Amino acid sequence: MTISIIVRHLGPSTHPGGSPQTVHGKEGPSVHEGKSVFVKKGTTVDTLIKAGGYEWKKGNLHRVYFDGLSLLYGVTEPVSFQHEIQSVKVDGEKLEGQEADALIRDLGYTEFFYDVKGKKFEVNFLQPPSRPDNPYLERLKAGLKKKVEALK
């Protein structure tokens with residue numbers, strides 16, 4: 001089974017009572033499609049739950065959410081915590097200062113889930129990321145793929 005992943009930047013214009021917001025020089029949300037993730041065992045929902053997701057249903061919505069996005073992104077260790085992140089390691093590469101702090105903050109304002117009815121992954125930024133050109137989609141997808149492959 002192939003699962004598509006969609007990245008959607010959400011600003012106040014897409015939330016009730018919000019106002020328009022520019023992301024990537026465009027008004028409102030923008031959507032980026034990524035490469036697929038392959039799921040081979042069990043149903044999609046079962047596989048994603050086994051890979052660390054949790055199922056959520058409300059009304060017509062049916063999703064599998066993922067927490068721990070810093071681990072999916074590839075953050076292996078915070079080197080120092082104080083009032084702000086001093087440094088982190090991402091796949092062995094050390095990020096320091098504002099870059100490290102911005103990454104952890106961005107991931108804290110990010111939702112990553114699978115829309116069961118729409119049959120697609122979505123990444124919602126609840127506020128614009130500090131670096132819109134950062135490969136959030138590719139890194140989260142790669143992290144999830146590793147977790148799914150570990151189930152084999």
# chains A, B, ... in the order shown; residues from 1 in each chain; ligands from 1
>>> closest_atom_pairs(of="stretch 86-143 of chain A", to="stretch 53-64 of chain A", cutoff="12 Å", atoms="only C-alpha atoms", output="CSV")
residue,atom,partner,partner_atom,distance
A:Glu111,CA,A:Val64,CA,10.7
A:Phe112,CA,A:Val64,CA,8.6
A:Phe113,CA,A:Val64,CA,5.3
A:Tyr114,CA,A:Val64,CA,5.0
A:Asp115,CA,A:Arg63,CA,4.7
A:Val116,CA,A:Arg63,CA,5.5
A:Lys117,CA,A:His62,CA,6.6
A:Gly118,CA,A:His62,CA,9.1
A:Lys119,CA,A:Arg63,CA,9.6
A:Lys120,CA,A:Arg63,CA,9.8
A:Phe121,CA,A:Val64,CA,9.1
A:Glu122,CA,A:Arg63,CA,9.9
A:Val123,CA,A:Val64,CA,12.0
>>> residues_around(residues="stretch 89-106 of chain A", least_positions_apart="6", cutoff="8 Å", atoms="only C-alpha atoms", output="short mmCIF file (atom, residue, chain, number, x, y, z; two decimals) with C-alpha atoms, in the first residue's frame")
data_model
loop_
_atom_site.label_atom_id
_atom_site.label_comp_id
_atom_site.auth_asym_id
_atom_site.auth_seq_id
_atom_site.Cartn_x
_atom_site.Cartn_y
_atom_site.Cartn_z
CA SER A 70 11.60 15.72 17.20
CA TYR A 73 12.65 14.53 12.49
CA GLY A 74 15.96 12.97 13.54
CA VAL A 75 16.81 14.87 16.74
CA THR A 76 18.86 12.33 18.68
CA GLU A 77 19.78 14.33 21.73
CA PRO A 78 19.36 17.74 23.25
CA VAL A 79 22.87 18.77 24.24
CA PHE A 125 2.11 24.10 11.04
CA PRO A 129 7.77 27.76 10.57
CA SER A 130 10.82 29.90 11.29
#
>>> residues_around(residues="stretch 134-150 of chain A", least_positions_apart="3", cutoff="6 Å", atoms="only C-alpha atoms", output="list in words")
Ala51, Leu72, Tyr73 and Arg131 of chain A
>>> write_last_selection(atoms="N, CA and C atoms", output="CSV table (one decimal), in the first residue's frame")
chain,number,residue,atom,x,y,z
A,51,ALA,N,3.5,1.7,14.8
A,51,ALA,CA,4.7,2.6,14.6
A,51,ALA,C,4.7,3.8,15.6
A,72,LEU,N,11.1,11.8,15.2
A,72,LEU,CA,10.8,11.5,13.8
A,72,LEU,C,11.6,12.4,12.9
A,73,TYR,N,11.9,13.6,13.3
A,73,TYR,CA,12.7,14.5,12.5
A,73,TYR,C,14.1,14.1,12.5
A,131,ARG,N,11.8,28.6,9.5
A,131,ARG,CA,12.5,28.4,8.2
A,131,ARG,C,11.6,27.6,7.3
>>> atom_distance(atom1="atom CA of A:Leu126", atom2="atom CA of A:Thr110")
6.0 Å
>>> atom_distance(atom1="atom CA of A:Lys50", atom2="atom CA of A:Leu151")
7.7 Å
